[in-house]
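Novice: Quick one: this structure, given as structure tokens, is what I'll be asking you about.
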Amino acid sequence: MKFLAAALLLALAACSAPLKPAAFQNTGPNFDPIAFFNGHVTSWGVEEDRDNQPTGIITTDCVGTPNPAGGITMVQTLHLPGGGTQTRIWHLAQTGANQYQATANDMAGSTTGIVGGRAMHWRWTLKTSPGDPLANVTMDQWFYRMDDGAVMIRTVVTKAGIRLLEISEQFEKT
């Protein structure tokens, strides 16, 4: 019975409507992810576990270059807690008014980001173990453009609807 109740709660939580970026439509300054990530961008952030306890520092070094067909390719070097590094290669293009599509070398499929004023939201699947789709996790990300031009990104990492960790990072053009 407890299992059934827990399953029902998870199903209801999955059906709840997420906050839409349109809630930020008139908050300006508008966020343009292609313009922001074109060039050299760095970040500093912190990971927190399910108990909201800090578990490590993450930094990134990103270089975005324009694509001849439009959009950008961004090479992002992530410096992970524990000393490891990972390279993520993003391809980002605008596909409509306030809409962007992205792929990455460690992403399952693609994602679509919706911009509203200073905010953008997208959700995508990170392949944590190539060839094993059961090991994938969901990355739910909100981007917020600050008045000083920096961008704050909040990432919630989940597996089967269960929050595993959160990452808060500030990205700045250099």
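Ordered as shown in the structure tokens, chains take letters A, B, and onward, while each chain numbers its residues from 1 and ligands are numbered from 1 in the order shown.
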Running DSSP on the backbone, which parts of segment 28-164 of chain A land in strand (DSSP E or B), as a PyMOL selection string?
Specialist: chain A and resi 39-49+54-66+72-79+85-96+99-104+107-108+111-116+119-126+137-145+151-159+162-164
Novice: Taking C-alpha atoms for each residue, export the selection above as a PDB file, in the first residue's frame.
Specialist:
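Just written: result.pdb:
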ATOM      1  CA  GLY A  39      33.208  33.802 -27.358  1.00  0.00           C
ATOM      2  CA  HIS A  40      34.894  32.930 -24.062  1.00  0.00           C
ATOM      3  CA  VAL A  41      32.708  32.262 -21.013  1.00  0.00           C
ATOM      4  CA  THR A  42      33.705  30.863 -17.610  1.00  0.00           C
ATOM      5  CA  SER A  43      31.653  29.683 -14.650  1.00  0.00           C
ATOM      6  CA  TRP A  44      31.910  28.830 -10.993  1.00  0.00           C
ATOM      7  CA  GLY A  45      29.321  26.858  -9.097  1.00  0.00           C
ATOM      8  CA  VAL A  46      28.457  24.472  -6.316  1.00  0.00           C
ATOM      9  CA  GLU A  47      26.807  21.042  -6.266  1.00  0.00           C
ATOM     10  CA  GLU A  48      24.371  20.156  -3.499  1.00  0.00           C
ATOM     11  CA  ASP A  49      23.119  16.684  -2.640  1.00  0.00           C
ATOM     12  CA  PRO A  54      27.294  21.224  -0.592  1.00  0.00           C
ATOM     13  CA  THR A  55      29.248  18.342  -2.097  1.00  0.00           C
ATOM     14  CA  GLY A  56      31.696  20.066  -4.413  1.00  0.00           C
ATOM     15  CA  ILE A  57      32.751  22.959  -6.583  1.00  0.00           C
ATOM     16  CA  ILE A  58      32.354  22.883 -10.362  1.00  0.00           C
ATOM     17  CA  THR A  59      33.962  25.300 -12.797  1.00  0.00           C
ATOM     18  CA  THR A  60      33.752  25.510 -16.568  1.00  0.00           C
ATOM     19  CA  ASP A  61      35.660  27.095 -19.393  1.00  0.00           C
ATOM     20  CA  CYS A  62      33.613  27.578 -22.577  1.00  0.00           C
ATOM     21  CA  VAL A  63      34.516  28.771 -26.070  1.00  0.00           C
ATOM     22  CA  GLY A  64      31.686  29.390 -28.529  1.00  0.00           C
ATOM     23  CA  THR A  65      32.243  29.945 -32.245  1.00  0.00           C
ATOM     24  CA  PRO A  66      29.668  30.825 -34.912  1.00  0.00           C
ATOM     25  CA  ILE A  72      27.162  28.385 -32.480  1.00  0.00           C
ATOM     26  CA  THR A  73      29.306  25.432 -31.519  1.00  0.00           C
ATOM     27  CA  MET A  74      30.533  25.677 -27.955  1.00  0.00           C
ATOM     28  CA  VAL A  75      33.277  23.543 -26.422  1.00  0.00           C
ATOM     29  CA  GLN A  76      32.691  23.402 -22.678  1.00  0.00           C
ATOM     30  CA  THR A  77      35.396  21.991 -20.411  1.00  0.00           C
ATOM     31  CA  LEU A  78      33.901  21.054 -17.049  1.00  0.00           C
ATOM     32  CA  HIS A  79      36.215  20.796 -14.034  1.00  0.00           C
ATOM     33  CA  THR A  85      37.392  16.956 -16.296  1.00  0.00           C
ATOM     34  CA  GLN A  86      34.813  16.389 -18.993  1.00  0.00           C
ATOM     35  CA  THR A  87      34.374  17.992 -22.406  1.00  0.00           C
ATOM     36  CA  ARG A  88      30.885  18.727 -23.683  1.00  0.00           C
ATOM     37  CA  ILE A  89      30.471  19.978 -27.254  1.00  0.00           C
ATOM     38  CA  TRP A  90      27.245  21.919 -27.738  1.00  0.00           C
ATOM     39  CA  HIS A  91      25.525  22.902 -30.989  1.00  0.00           C
ATOM     40  CA  LEU A  92      22.994  25.685 -30.387  1.00  0.00           C
ATOM     41  CA  ALA A  93      20.706  27.328 -32.963  1.00  0.00           C
ATOM     42  CA  GLN A  94      17.676  29.585 -32.890  1.00  0.00           C
ATOM     43  CA  THR A  95      14.670  27.762 -34.346  1.00  0.00           C
ATOM     44  CA  GLY A  96      11.926  30.361 -33.850  1.00  0.00           C
ATOM     45  CA  GLN A  99      13.060  29.254 -29.155  1.00  0.00           C
ATOM     46  CA  TYR A 100      16.451  27.526 -29.338  1.00  0.00           C
ATOM     47  CA  GLN A 101      17.475  23.935 -30.054  1.00  0.00           C
ATOM     48  CA  ALA A 102      20.630  22.285 -28.742  1.00  0.00           C
ATOM     49  CA  THR A 103      22.480  18.998 -29.003  1.00  0.00           C
ATOM     50  CA  ALA A 104      25.625  17.861 -27.207  1.00  0.00           C
ATOM     51  CA  MET A 107      23.077  14.263 -24.651  1.00  0.00           C
ATOM     52  CA  ALA A 108      20.430  11.724 -25.625  1.00  0.00           C
ATOM     53  CA  THR A 111      16.514  19.834 -26.289  1.00  0.00           C
ATOM     54  CA  THR A 112      14.436  22.914 -26.985  1.00  0.00           C
ATOM     55  CA  GLY A 113      14.885  26.018 -24.881  1.00  0.00           C
ATOM     56  CA  ILE A 114      12.134  28.601 -24.503  1.00  0.00           C
ATOM     57  CA  VAL A 115      13.114  32.182 -23.634  1.00  0.00           C
ATOM     58  CA  GLY A 116      10.909  34.673 -21.824  1.00  0.00           C
ATOM     59  CA  ALA A 119      14.940  33.605 -18.423  1.00  0.00           C
ATOM     60  CA  MET A 120      15.308  30.422 -20.475  1.00  0.00           C
ATOM     61  CA  HIS A 121      14.275  26.890 -19.579  1.00  0.00           C
ATOM     62  CA  TRP A 122      15.077  23.516 -21.079  1.00  0.00           C
ATOM     63  CA  ARG A 123      15.166  19.901 -19.997  1.00  0.00           C
ATOM     64  CA  TRP A 124      17.453  17.279 -21.488  1.00  0.00           C
ATOM     65  CA  THR A 125      18.822  13.788 -20.915  1.00  0.00           C
ATOM     66  CA  LEU A 126      22.491  13.312 -20.009  1.00  0.00           C
ATOM     67  CA  VAL A 137      19.686  11.255 -15.865  1.00  0.00           C
ATOM     68  CA  THR A 138      17.473  14.259 -16.579  1.00  0.00           C
ATOM     69  CA  MET A 139      18.953  17.755 -16.462  1.00  0.00           C
ATOM     70  CA  ASP A 140      16.304  20.431 -15.812  1.00  0.00           C
ATOM     71  CA  GLN A 141      17.935  23.832 -16.334  1.00  0.00           C
ATOM     72  CA  TRP A 142      16.859  27.439 -15.799  1.00  0.00           C
ATOM     73  CA  PHE A 143      19.027  30.268 -17.145  1.00  0.00           C
ATOM     74  CA  TYR A 144      18.647  33.787 -15.678  1.00  0.00           C
ATOM     75  CA  ARG A 145      20.378  36.806 -17.236  1.00  0.00           C
ATOM     76  CA  VAL A 151      23.995  34.379 -16.364  1.00  0.00           C
ATOM     77  CA  MET A 152      22.932  32.262 -13.386  1.00  0.00           C
ATOM     78  CA  ILE A 153      22.076  28.636 -14.223  1.00  0.00           C
ATOM     79  CA  ARG A 154      20.224  26.361 -11.830  1.00  0.00           C
ATOM     80  CA  THR A 155      20.287  22.671 -12.741  1.00  0.00           C
ATOM     81  CA  VAL A 156      18.228  19.984 -11.019  1.00  0.00           C
ATOM     82  CA  VAL A 157      19.434  16.458 -11.794  1.00  0.00           C
ATOM     83  CA  THR A 158      16.809  13.723 -11.460  1.00  0.00           C
ATOM     84  CA  LYS A 159      16.479  10.014 -12.092  1.00  0.00           C
ATOM     85  CA  ILE A 162      13.768  11.660  -7.877  1.00  0.00           C
ATOM     86  CA  ARG A 163      16.061  14.632  -7.262  1.00  0.00           C
ATOM     87  CA  LEU A 164      19.685  13.501  -7.033  1.00  0.00           C
TER      88      LEU A 164
END
Novice: Which parts of chain A does DSSP call helix (DSSP H, G or I) when run on the backbone here, written out as a list in words?
Specialist: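 For chain A, the helix (DSSP H, G or I) set is Lys2, Phe3, Leu4, Ala5, Ala6, Ala7, Leu8, Leu9, Leu10, Ala11, Leu12, Ala13, Ala14, Cys15, Pro21, Ala22, Ala23, Phe24, Pro33, Ile34, Ala35, Phe36, Phe37, Pro133, Leu134 and Ala135 of chain A.
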Novice: Would you save the residues from that selection as a tab-separated table (two decimals), in the first residue's frame, using N, CA and C atoms?
Specialist:
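Full text of result.tsv as output:
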chain	number	residue	atom	x	y	z
A	2	LYS	N	1.97	1.26	0.80
A	2	LYS	CA	2.87	2.41	0.82
A	2	LYS	C	3.48	2.63	-0.55
A	3	PHE	N	3.84	1.53	-1.24
A	3	PHE	CA	4.42	1.64	-2.57
A	3	PHE	C	3.42	2.28	-3.53
A	4	LEU	N	2.17	1.87	-3.46
A	4	LEU	CA	1.13	2.42	-4.33
A	4	LEU	C	0.93	3.91	-4.06
A	5	ALA	N	0.95	4.31	-2.81
A	5	ALA	CA	0.80	5.73	-2.46
A	5	ALA	C	1.98	6.53	-2.98
A	6	ALA	N	3.19	5.99	-2.84
A	6	ALA	CA	4.37	6.70	-3.34
A	6	ALA	C	4.34	6.82	-4.85
A	7	ALA	N	3.92	5.75	-5.53
A	7	ALA	CA	3.82	5.79	-6.99
A	7	ALA	C	2.80	6.83	-7.44
A	8	LEU	N	1.67	6.91	-6.73
A	8	LEU	CA	0.64	7.89	-7.06
A	8	LEU	C	1.16	9.32	-6.87
A	9	LEU	N	1.89	9.57	-5.78
A	9	LEU	CA	2.46	10.90	-5.56
A	9	LEU	C	3.46	11.27	-6.65
A	10	LEU	N	4.30	10.32	-7.06
A	10	LEU	CA	5.25	10.59	-8.14
A	10	LEU	C	4.52	10.90	-9.44
A	11	ALA	N	3.46	10.16	-9.73
A	11	ALA	CA	2.69	10.39	-10.95
A	11	ALA	C	2.04	11.77	-10.93
A	12	LEU	N	1.49	12.17	-9.79
A	12	LEU	CA	0.88	13.50	-9.69
A	12	LEU	C	1.91	14.60	-9.82
A	13	ALA	N	3.08	14.40	-9.23
A	13	ALA	CA	4.14	15.42	-9.34
A	13	ALA	C	4.59	15.57	-10.78
A	14	ALA	N	4.65	14.47	-11.52
A	14	ALA	CA	5.05	14.54	-12.92
A	14	ALA	C	4.04	15.28	-13.77
A	15	CYS	N	2.79	15.33	-13.35
A	15	CYS	CA	1.74	15.99	-14.12
A	15	CYS	C	1.63	17.47	-13.80
A	21	PRO	N	8.86	30.14	-18.88
A	21	PRO	CA	9.70	31.32	-19.00
A	21	PRO	C	8.89	32.59	-19.29
A	22	ALA	N	7.69	32.46	-19.84
A	22	ALA	CA	6.85	33.63	-20.13
A	22	ALA	C	6.57	34.44	-18.86
A	23	ALA	N	6.69	33.81	-17.69
A	23	ALA	CA	6.49	34.54	-16.43
A	23	ALA	C	7.52	35.66	-16.29
A	24	PHE	N	8.62	35.58	-17.06
A	24	PHE	CA	9.69	36.58	-17.00
A	24	PHE	C	9.68	37.50	-18.23
A	33	PRO	N	20.88	33.29	-25.72
A	33	PRO	CA	21.94	32.33	-25.40
A	33	PRO	C	23.04	32.25	-26.47
A	34	ILE	N	22.69	32.49	-27.72
A	34	ILE	CA	23.73	32.44	-28.77
A	34	ILE	C	24.70	33.59	-28.59
A	35	ALA	N	24.19	34.79	-28.38
A	35	ALA	CA	25.07	35.95	-28.17
A	35	ALA	C	25.89	35.77	-26.89
A	36	PHE	N	25.27	35.27	-25.83
A	36	PHE	CA	25.99	35.13	-24.57
A	36	PHE	C	27.12	34.11	-24.66
A	37	PHE	N	26.85	32.94	-25.24
A	37	PHE	CA	27.85	31.87	-25.26
A	37	PHE	C	28.80	31.96	-26.45
A	133	PRO	N	21.10	3.13	-21.58
A	133	PRO	CA	20.09	4.18	-21.39
A	133	PRO	C	19.47	4.19	-20.00
A	134	LEU	N	19.57	3.09	-19.27
A	134	LEU	CA	19.01	3.06	-17.91
A	134	LEU	C	19.84	3.89	-16.94
A	135	ALA	N	21.07	4.24	-17.33
A	135	ALA	CA	21.94	5.03	-16.46
A	135	ALA	C	21.76	6.54	-16.69
Novice: How many Å lie between atom CA of Asp32 of chain A and atom CA of Ile167 of chain A, rounded to one decimal?
Specialist: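 Computing the Euclidean distance for atom CA of Asp32 of chain A and atom CA of Ile167 of chain A yields 21.5 Å.
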Novice: Just checking: using only C-alpha atoms, which residue out of A:Thr174, A:Asn105, A:Ser129, A:Asn52 ends up closest to Asn38 of chain A?
Specialist: A:Thr174
Novice: Expressed in Å to a single decimal, how great is the separation between atom CA of Asp148 of chain A and atom CA of Gly71 of chain A?
Specialist: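 A separation of 23.8 Å between them.
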Novice: Given the choices A:Arg50, A:Gly131, A:Glu166, A:Gly117, which gets closest to Asn98 of chain A if the distance is worked out from only C-alpha atoms?
Specialist: A:Gly117
